[in-house]
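Have a look at run37.cif below; it lists mmCIF, C-alpha atoms.
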```
data_run
loop_
_atom_site.label_atom_id
_atom_site.label_comp_id
_atom_site.auth_asym_id
_atom_site.auth_seq_id
_atom_site.Cartn_x
_atom_site.Cartn_y
_atom_site.Cartn_z
CA MET Z 1 9.23 -1.89 21.64
CA PRO Z 2 10.01 -2.43 25.32
CA ASP Z 3 13.02 -0.49 26.56
CA TYR Z 4 14.98 -3.65 27.39
CA LEU Z 5 14.94 -4.70 23.71
CA LEU Z 6 16.49 -1.36 22.80
CA THR Z 7 19.18 -1.34 25.48
CA GLU Z 8 20.28 -4.85 26.46
CA PRO Z 9 23.26 -5.94 24.34
CA GLN Z 10 21.97 -9.32 23.16
CA TYR Z 11 19.25 -7.58 21.14
CA GLY Z 12 21.69 -5.49 19.09
CA GLY Z 13 19.60 -2.34 19.45
CA GLY Z 14 16.31 -4.08 18.65
CA LEU Z 15 15.43 -1.81 15.74
CA ALA Z 16 17.02 -1.05 12.38
CA PRO Z 17 16.33 2.14 10.39
CA GLN Z 18 14.58 1.74 7.06
CA LEU Z 19 13.12 3.82 4.25
CA ASP Z 20 9.38 4.26 3.96
CA ASN Z 21 7.31 5.08 0.87
CA PRO Z 22 4.26 7.07 1.98
CA GLY Z 23 2.51 7.06 -1.42
CA GLU Z 24 2.47 8.38 -4.97
CA GLY Z 25 4.20 11.74 -5.30
CA LYS Z 26 5.14 11.81 -1.64
CA PRO Z 27 8.73 12.20 -0.42
CA VAL Z 28 10.34 9.05 0.91
CA GLY Z 29 10.41 9.04 4.69
CA HIS Z 30 12.23 7.08 7.36
CA GLY Z 31 10.98 4.51 9.80
CA TRP Z 32 12.07 1.48 11.76
CA VAL Z 33 11.81 -2.30 11.53
CA ALA Z 34 12.18 -4.81 14.33
CA MET Z 35 15.35 -6.87 13.86
CA GLN Z 36 13.54 -10.18 13.53
CA TRP Z 37 16.70 -11.69 12.00
CA ASN Z 38 18.30 -11.35 15.45
CA PRO Z 39 17.41 -14.63 17.24
CA ALA Z 40 17.08 -12.92 20.62
CA VAL Z 41 14.64 -10.32 19.27
CA ARG Z 42 12.70 -12.99 17.41
CA ASP Z 43 12.44 -15.13 20.54
CA ARG Z 44 10.77 -12.29 22.42
CA PHE Z 45 8.36 -11.60 19.55
CA GLN Z 46 7.35 -15.25 19.43
CA ALA Z 47 6.87 -15.24 23.21
CA LEU Z 48 4.55 -12.27 22.71
CA LEU Z 49 2.60 -14.20 20.05
CA GLN Z 50 2.25 -17.14 22.42
CA ALA Z 51 0.98 -14.91 25.23
CA LEU Z 52 -1.49 -13.20 22.91
CA GLY Z 53 -2.70 -16.58 21.67
CA GLU Z 54 -3.31 -17.79 25.21
CA ALA Z 55 -5.40 -14.70 25.91
CA PHE Z 56 -7.20 -14.16 22.62
CA ASP Z 57 -7.19 -17.27 20.40
CA GLY Z 58 -10.77 -17.90 19.32
CA ARG Z 59 -11.89 -14.55 20.72
CA VAL Z 60 -10.51 -12.51 17.83
CA PHE Z 61 -11.17 -13.11 14.14
CA GLY Z 62 -7.48 -13.18 13.31
CA MET Z 63 -3.88 -12.21 13.99
CA ASN Z 64 -2.35 -10.05 11.26
CA LEU Z 65 1.46 -10.09 10.97
CA PRO Z 66 3.46 -7.12 9.56
CA GLU Z 67 4.29 -6.87 5.87
CA THR Z 68 7.37 -8.60 4.48
CA ALA Z 69 8.79 -5.47 2.82
CA ALA Z 70 11.75 -3.96 4.66
CA ASP Z 71 14.19 -1.49 3.14
CA VAL Z 72 17.20 -1.93 5.41
CA ASP Z 73 20.73 -0.64 4.77
CA MET Z 74 22.45 -3.87 3.78
CA GLU Z 75 25.90 -2.27 3.88
CA ASP Z 76 25.61 -1.44 7.58
CA ASP Z 77 27.30 -4.38 9.28
CA ARG Z 78 26.07 -3.25 12.67
CA ASN Z 79 22.51 -4.48 12.09
CA GLY Z 80 23.52 -8.02 11.11
CA PHE Z 81 20.93 -8.15 8.33
CA SER Z 82 21.01 -10.74 5.56
CA CYS Z 83 18.32 -11.64 3.04
CA GLU Z 84 18.30 -15.32 3.96
CA ALA Z 85 18.23 -14.62 7.69
CA TYR Z 86 15.31 -12.24 7.26
CA PHE Z 87 13.30 -14.70 5.14
CA ALA Z 88 13.96 -17.55 7.56
CA ALA Z 89 12.96 -15.34 10.51
CA GLU Z 90 9.66 -14.34 8.93
CA MET Z 91 8.82 -17.94 8.09
CA GLN Z 92 9.57 -18.96 11.69
CA ASN Z 93 7.32 -16.19 12.97
CA ILE Z 94 4.48 -17.39 10.75
CA ALA Z 95 4.83 -20.90 12.15
CA ALA Z 96 4.90 -19.52 15.69
CA ALA Z 97 1.77 -17.46 15.08
CA ARG Z 98 -0.07 -20.48 13.67
CA LYS Z 99 0.93 -22.52 16.73
CA ALA Z 100 -0.24 -19.77 19.09
CA PHE Z 101 -3.52 -19.12 17.25
CA ARG Z 102 -5.16 -22.44 16.42
CA LYS Z 103 -8.75 -21.20 16.29
CA SER Z 104 -8.38 -17.65 14.94
CA HIS Z 105 -7.08 -16.88 11.47
CA VAL Z 106 -3.39 -16.08 10.99
CA VAL Z 107 -2.59 -13.67 8.16
CA GLN Z 108 0.87 -12.72 6.92
CA TYR Z 109 1.10 -9.49 4.94
CA VAL Z 110 3.31 -9.96 1.88
CA ASN Z 111 4.14 -7.41 -0.80
CA PHE Z 112 7.90 -7.53 -1.43
CA TRP Z 113 10.84 -9.47 -0.04
CA PRO Z 114 14.16 -7.67 0.50
CA CYS Z 115 16.68 -8.65 -2.21
CA GLU Z 116 13.99 -10.22 -4.43
CA TRP Z 117 12.35 -9.20 -7.70
CA GLU Z 118 9.99 -11.46 -9.67
CA ASN Z 119 10.63 -14.37 -7.30
CA ASP Z 120 14.32 -14.58 -8.29
CA HIS Z 121 15.18 -15.95 -4.82
CA ASN Z 122 12.08 -18.18 -4.68
CA TYR Z 123 10.98 -16.45 -1.47
CA MET Z 124 7.53 -15.52 -2.76
CA ALA Z 125 6.79 -18.98 -4.15
CA ARG Z 126 7.97 -20.68 -0.97
CA LEU Z 127 5.79 -18.45 1.21
CA PHE Z 128 2.63 -19.03 -0.84
CA ASP Z 129 3.26 -22.78 -0.94
CA TYR Z 130 3.80 -22.93 2.83
CA ALA Z 131 0.74 -20.77 3.50
CA SER Z 132 -1.54 -22.89 1.34
CA ARG Z 133 -0.38 -26.09 3.08
CA HIS Z 134 -0.63 -24.80 6.66
CA ALA Z 135 -3.90 -22.83 6.67
CA ILE Z 136 -2.12 -19.48 6.73
CA GLY Z 137 -3.94 -16.50 5.31
CA LEU Z 138 -2.02 -13.93 3.27
CA GLY Z 139 -2.65 -10.30 2.49
CA GLY Z 140 -0.97 -6.99 1.89
CA PRO Z 141 -0.93 -3.33 2.82
CA ASP Z 142 -1.93 -1.98 -0.59
CA ILE Z 143 -4.62 -2.71 -3.15
CA VAL Z 144 -3.49 -0.75 -6.22
CA PRO Z 145 -5.01 -2.25 -9.39
CA GLU Z 146 -2.39 -3.56 -11.83
CA ARG Z 147 0.43 -1.48 -10.35
CA LYS Z 148 3.59 -2.64 -12.12
CA VAL Z 149 5.81 -3.18 -9.08
CA HIS Z 150 3.16 -5.34 -7.42
CA MET Z 151 2.46 -7.23 -10.64
CA LYS Z 152 6.16 -8.19 -10.66
CA ASN Z 153 6.00 -9.48 -7.09
CA ALA Z 154 3.08 -10.62 -4.92
CA TYR Z 155 -0.02 -9.94 -7.04
CA PRO Z 156 0.36 -12.82 -9.55
CA PHE Z 157 0.86 -15.24 -6.67
CA PHE Z 158 -2.40 -14.10 -5.08
CA ASN Z 159 -4.13 -14.62 -8.39
CA ARG Z 160 -2.76 -18.13 -8.86
CA ASN Z 161 -3.36 -19.22 -5.27
CA LYS Z 162 -6.61 -17.45 -4.35
CA ASP Z 163 -8.54 -20.73 -4.17
CA ARG Z 164 -5.85 -22.41 -2.04
CA LEU Z 165 -5.38 -19.82 0.70
CA ASP Z 166 -7.22 -19.94 4.02
CA LEU Z 167 -8.00 -16.21 3.90
CA VAL Z 168 -6.93 -13.20 1.83
CA ALA Z 169 -7.09 -9.89 3.70
CA MET Z 170 -5.73 -6.70 2.17
CA ALA Z 171 -5.79 -3.00 2.97
CA VAL Z 172 -6.50 0.35 1.40
CA GLN Z 173 -4.34 2.64 3.54
CA GLU Z 174 -3.72 6.37 3.35
CA PRO Z 175 -0.82 5.95 0.85
CA THR Z 176 -3.01 3.72 -1.33
CA LEU Z 177 -5.48 6.57 -1.70
CA THR Z 178 -2.79 8.75 -3.31
CA TYR Z 179 -2.47 6.55 -6.40
CA THR Z 180 -4.27 7.49 -9.62
CA ASN Z 181 -5.80 5.20 -12.20
CA PRO Z 182 -3.62 5.65 -15.34
CA LYS Z 183 -6.69 5.00 -17.51
CA THR Z 184 -8.71 7.86 -16.00
CA GLY Z 185 -6.07 10.12 -14.46
CA LYS Z 186 -8.19 10.21 -11.30
CA PRO Z 187 -7.87 8.47 -7.93
CA PHE Z 188 -9.15 4.91 -7.92
CA THR Z 189 -12.81 4.62 -7.01
CA LYS Z 190 -14.14 2.24 -4.41
CA ASP Z 191 -15.70 0.08 -7.15
CA GLU Z 192 -12.39 -0.13 -9.04
CA LEU Z 193 -10.54 -1.19 -5.91
CA VAL Z 194 -13.16 -3.77 -4.91
CA ARG Z 195 -13.38 -5.22 -8.42
CA PHE Z 196 -9.64 -5.78 -8.73
CA ALA Z 197 -9.38 -7.06 -5.17
CA SER Z 198 -12.16 -9.60 -5.51
CA GLU Z 199 -11.75 -10.71 -9.12
CA TYR Z 200 -7.97 -10.78 -9.52
CA LEU Z 201 -6.52 -11.03 -6.01
CA GLY Z 202 -9.29 -13.14 -4.45
CA VAL Z 203 -9.60 -10.85 -1.44
CA ASP Z 204 -12.04 -11.91 1.29
CA VAL Z 205 -11.54 -8.94 3.65
CA ILE Z 206 -10.65 -5.32 2.89
CA PHE Z 207 -9.37 -3.04 5.64
CA TRP Z 208 -10.40 0.49 4.63
CA SER Z 209 -8.46 3.53 5.77
CA ALA Z 210 -10.64 5.86 7.79
CA ALA Z 211 -9.56 8.52 5.27
CA SER Z 212 -11.37 6.73 2.42
CA PRO Z 213 -13.72 9.36 0.97
CA TRP Z 214 -16.65 6.94 0.56
CA LEU Z 215 -16.67 6.33 4.32
CA LYS Z 216 -17.36 10.03 4.85
CA GLU Z 217 -20.34 10.19 2.48
#
```
Since I need it in another form, could you write the structure as structure tokens?
Amino acid sequence: MPDYLLTEPQYGGGLAPQLDNPGEGKPVGHGWVAMQWNPAVRDRFQALLQALGEAFDGRVFGMNLPETAADVDMEDDRNGFSCEAYFAAEMQNIAAARKAFRKSHVVQYVNFWPCEWENDHNYMARLFDYASRHAIGLGGPDIVPERKVHMKNAYPFFNRNKDRLDLVAMAVQEPTLTYTNPKTGKPFTKDELVRFASEYLGVDVIFWSAASPWLKE
């Protein structure tokens, strides 16, 4: 982030610390998330989207927005975080990206929403409904076949809406490669990942980690 977002008082520090899960069997690490729920921070991000759209709309295949998951300390009053403010901010950013990129695809990564489990805040359902009505693509950072935590959150929504979404783009990242297939006890194969992605999730595009072993063969 630019230095001014980290230092000028209206941005509240710009970043909030969060936990990060680097994969199966890996120790939980620490990272940062932009304080999109801060209107001043969000305004600058949307200005960035507008500038990028003016330069690259129609020249790039798509604009991919960061995942919805954020593990922020909700008891730290200094960051000003609230579940509703975060959801509203992300939805506003999606609308801003769609306005900035009218020719290229716009894809929002969604896996989990803070404070939500099994759509108990109706965040997941509202996002998928909005995306299907406004030509917004959706995706996610991890293709892990039938993983329980995903099956309780975004995966069923992908399955139910795969014919309604503009584009579904998902990733196999380095942490994804650490997960094992419970049926075989071995890491998921490329064919297993592709089959689940295409048949259940309706994925159109897969972003493969450069560490994927089949890319080295």
*Explicit residues for the PyMOL selection byres ((chain Z and resi 27-32) around 8) (as a ChimeraX atom specification)*: /Z:15-22,25-26,33-34
_Test item: residues at most 10 Å from segment 117-121 of chain Z, all atoms listed in the file, excluding those fewer than 4 positions along its chain, as a list in words_ =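 Surrounding residues, per the criterion: Cys83, Glu84, Phe112, Trp113, Ala125, Arg126, Val149, His150, Met151, Lys152, Asn153, Ala154, Pro156 and Phe157 of chain Z.
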*Check the smallest atom-to-atom distance from each of Z:Pro9, Z:Pro39, Z:Gly53, Z:Gly137 to Lys103 of chain Z using all atoms listed in the file, then report the winner.*
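Smallest separation from Lys103 of chain Z among the options: Z:Gly53.
Compared by their closest atoms to Glu67 of chain Z, and using all atoms listed in the file, the residues Z:Thr180, Z:Gln50, Z:Gln108, Z:Asn79 rank with Z:Gln108 nearest.
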*Using the chain letters and residue numbers of this document, give as a list in words the residues selected by the PyMOL selection byres ((chain Z and resi 189) around 12).*
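Applying the PyMOL selection byres ((chain Z and resi 189) around 12) to the structure shown produces Ile143, Val144, Pro145, Val172, Thr176, Leu177, Thr178, Tyr179, Thr180, Asn181, Thr184, Gly185, Lys186, Pro187, Phe188, Lys190, Asp191, Glu192, Leu193, Val194, Arg195, Phe196, Ser212, Pro213 and Trp214 of chain Z.
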Repaired coordinates for segment 14-33 of chain Z (N, CA and C atoms) as a PDB file, keeping the file's coordinate frame:
```
ATOM      1  N   GLY Z  14      17.730  -3.758  18.802  1.00  0.00           N
ATOM      2  CA  GLY Z  14      16.310  -4.080  18.650  1.00  0.00           C
ATOM      3  C   GLY Z  14      15.664  -3.611  17.372  1.00  0.00           C
ATOM      4  N   LEU Z  15      16.020  -2.418  16.929  1.00  0.00           N
ATOM      5  CA  LEU Z  15      15.430  -1.810  15.740  1.00  0.00           C
ATOM      6  C   LEU Z  15      16.507  -1.464  14.725  1.00  0.00           C
ATOM      7  N   ALA Z  16      16.128  -1.507  13.449  1.00  0.00           N
ATOM      8  CA  ALA Z  16      17.020  -1.050  12.380  1.00  0.00           C
ATOM      9  C   ALA Z  16      16.288   0.030  11.586  1.00  0.00           C
ATOM     10  N   PRO Z  17      16.982   1.107  11.203  1.00  0.00           N
ATOM     11  CA  PRO Z  17      16.330   2.140  10.390  1.00  0.00           C
ATOM     12  C   PRO Z  17      16.022   1.628   9.003  1.00  0.00           C
ATOM     13  N   GLN Z  18      14.935   2.117   8.424  1.00  0.00           N
ATOM     14  CA  GLN Z  18      14.580   1.740   7.060  1.00  0.00           C
ATOM     15  C   GLN Z  18      13.883   2.901   6.368  1.00  0.00           C
ATOM     16  N   LEU Z  19      13.844   2.827   5.039  1.00  0.00           N
ATOM     17  CA  LEU Z  19      13.120   3.820   4.250  1.00  0.00           C
ATOM     18  C   LEU Z  19      11.648   3.464   4.208  1.00  0.00           C
ATOM     19  N   ASP Z  20      10.815   4.467   3.996  1.00  0.00           N
ATOM     20  CA  ASP Z  20       9.380   4.260   3.960  1.00  0.00           C
ATOM     21  C   ASP Z  20       8.792   5.066   2.802  1.00  0.00           C
ATOM     22  N   ASN Z  21       7.961   4.414   1.997  1.00  0.00           N
ATOM     23  CA  ASN Z  21       7.310   5.080   0.870  1.00  0.00           C
ATOM     24  C   ASN Z  21       5.880   5.420   1.241  1.00  0.00           C
ATOM     25  N   PRO Z  22       5.584   6.703   1.481  1.00  0.00           N
ATOM     26  CA  PRO Z  22       4.260   7.070   1.980  1.00  0.00           C
ATOM     27  C   PRO Z  22       3.189   7.216   0.905  1.00  0.00           C
ATOM     28  N   GLY Z  23       3.528   6.987  -0.383  1.00  0.00           N
ATOM     29  CA  GLY Z  23       2.510   7.060  -1.420  1.00  0.00           C
ATOM     30  C   GLY Z  23       2.993   7.767  -2.670  1.00  0.00           C
ATOM     31  N   GLU Z  24       2.119   7.806  -3.672  1.00  0.00           N
ATOM     32  CA  GLU Z  24       2.470   8.380  -4.970  1.00  0.00           C
ATOM     33  C   GLU Z  24       2.705   9.884  -4.846  1.00  0.00           C
ATOM     34  N   GLY Z  25       3.877  10.324  -5.327  1.00  0.00           N
ATOM     35  CA  GLY Z  25       4.200  11.740  -5.300  1.00  0.00           C
ATOM     36  C   GLY Z  25       4.607  12.267  -3.954  1.00  0.00           C
ATOM     37  N   LYS Z  26       4.757  11.389  -2.976  1.00  0.00           N
ATOM     38  CA  LYS Z  26       5.140  11.810  -1.640  1.00  0.00           C
ATOM     39  C   LYS Z  26       6.632  11.564  -1.425  1.00  0.00           C
ATOM     40  N   PRO Z  27       7.308  12.426  -0.676  1.00  0.00           N
ATOM     41  CA  PRO Z  27       8.730  12.200  -0.420  1.00  0.00           C
ATOM     42  C   PRO Z  27       8.953  10.963   0.439  1.00  0.00           C
ATOM     43  N   VAL Z  28      10.011  10.243   0.134  1.00  0.00           N
ATOM     44  CA  VAL Z  28      10.340   9.050   0.910  1.00  0.00           C
ATOM     45  C   VAL Z  28      10.706   9.453   2.331  1.00  0.00           C
ATOM     46  N   GLY Z  29      10.142   8.751   3.299  1.00  0.00           N
ATOM     47  CA  GLY Z  29      10.410   9.040   4.690  1.00  0.00           C
ATOM     48  C   GLY Z  29      11.276   7.970   5.321  1.00  0.00           C
ATOM     49  N   HIS Z  30      11.392   8.027   6.629  1.00  0.00           N
ATOM     50  CA  HIS Z  30      12.230   7.080   7.360  1.00  0.00           C
ATOM     51  C   HIS Z  30      11.431   6.477   8.498  1.00  0.00           C
ATOM     52  N   GLY Z  31      11.663   5.211   8.729  1.00  0.00           N
ATOM     53  CA  GLY Z  31      10.980   4.510   9.800  1.00  0.00           C
ATOM     54  C   GLY Z  31      11.905   3.482  10.420  1.00  0.00           C
ATOM     55  N   TRP Z  32      11.305   2.484  11.047  1.00  0.00           N
ATOM     56  CA  TRP Z  32      12.070   1.480  11.760  1.00  0.00           C
ATOM     57  C   TRP Z  32      11.463   0.102  11.539  1.00  0.00           C
ATOM     58  N   VAL Z  33      12.287  -0.922  11.614  1.00  0.00           N
ATOM     59  CA  VAL Z  33      11.810  -2.300  11.530  1.00  0.00           C
ATOM     60  C   VAL Z  33      12.449  -3.097  12.653  1.00  0.00           C
TER      61      VAL Z  33
END
```
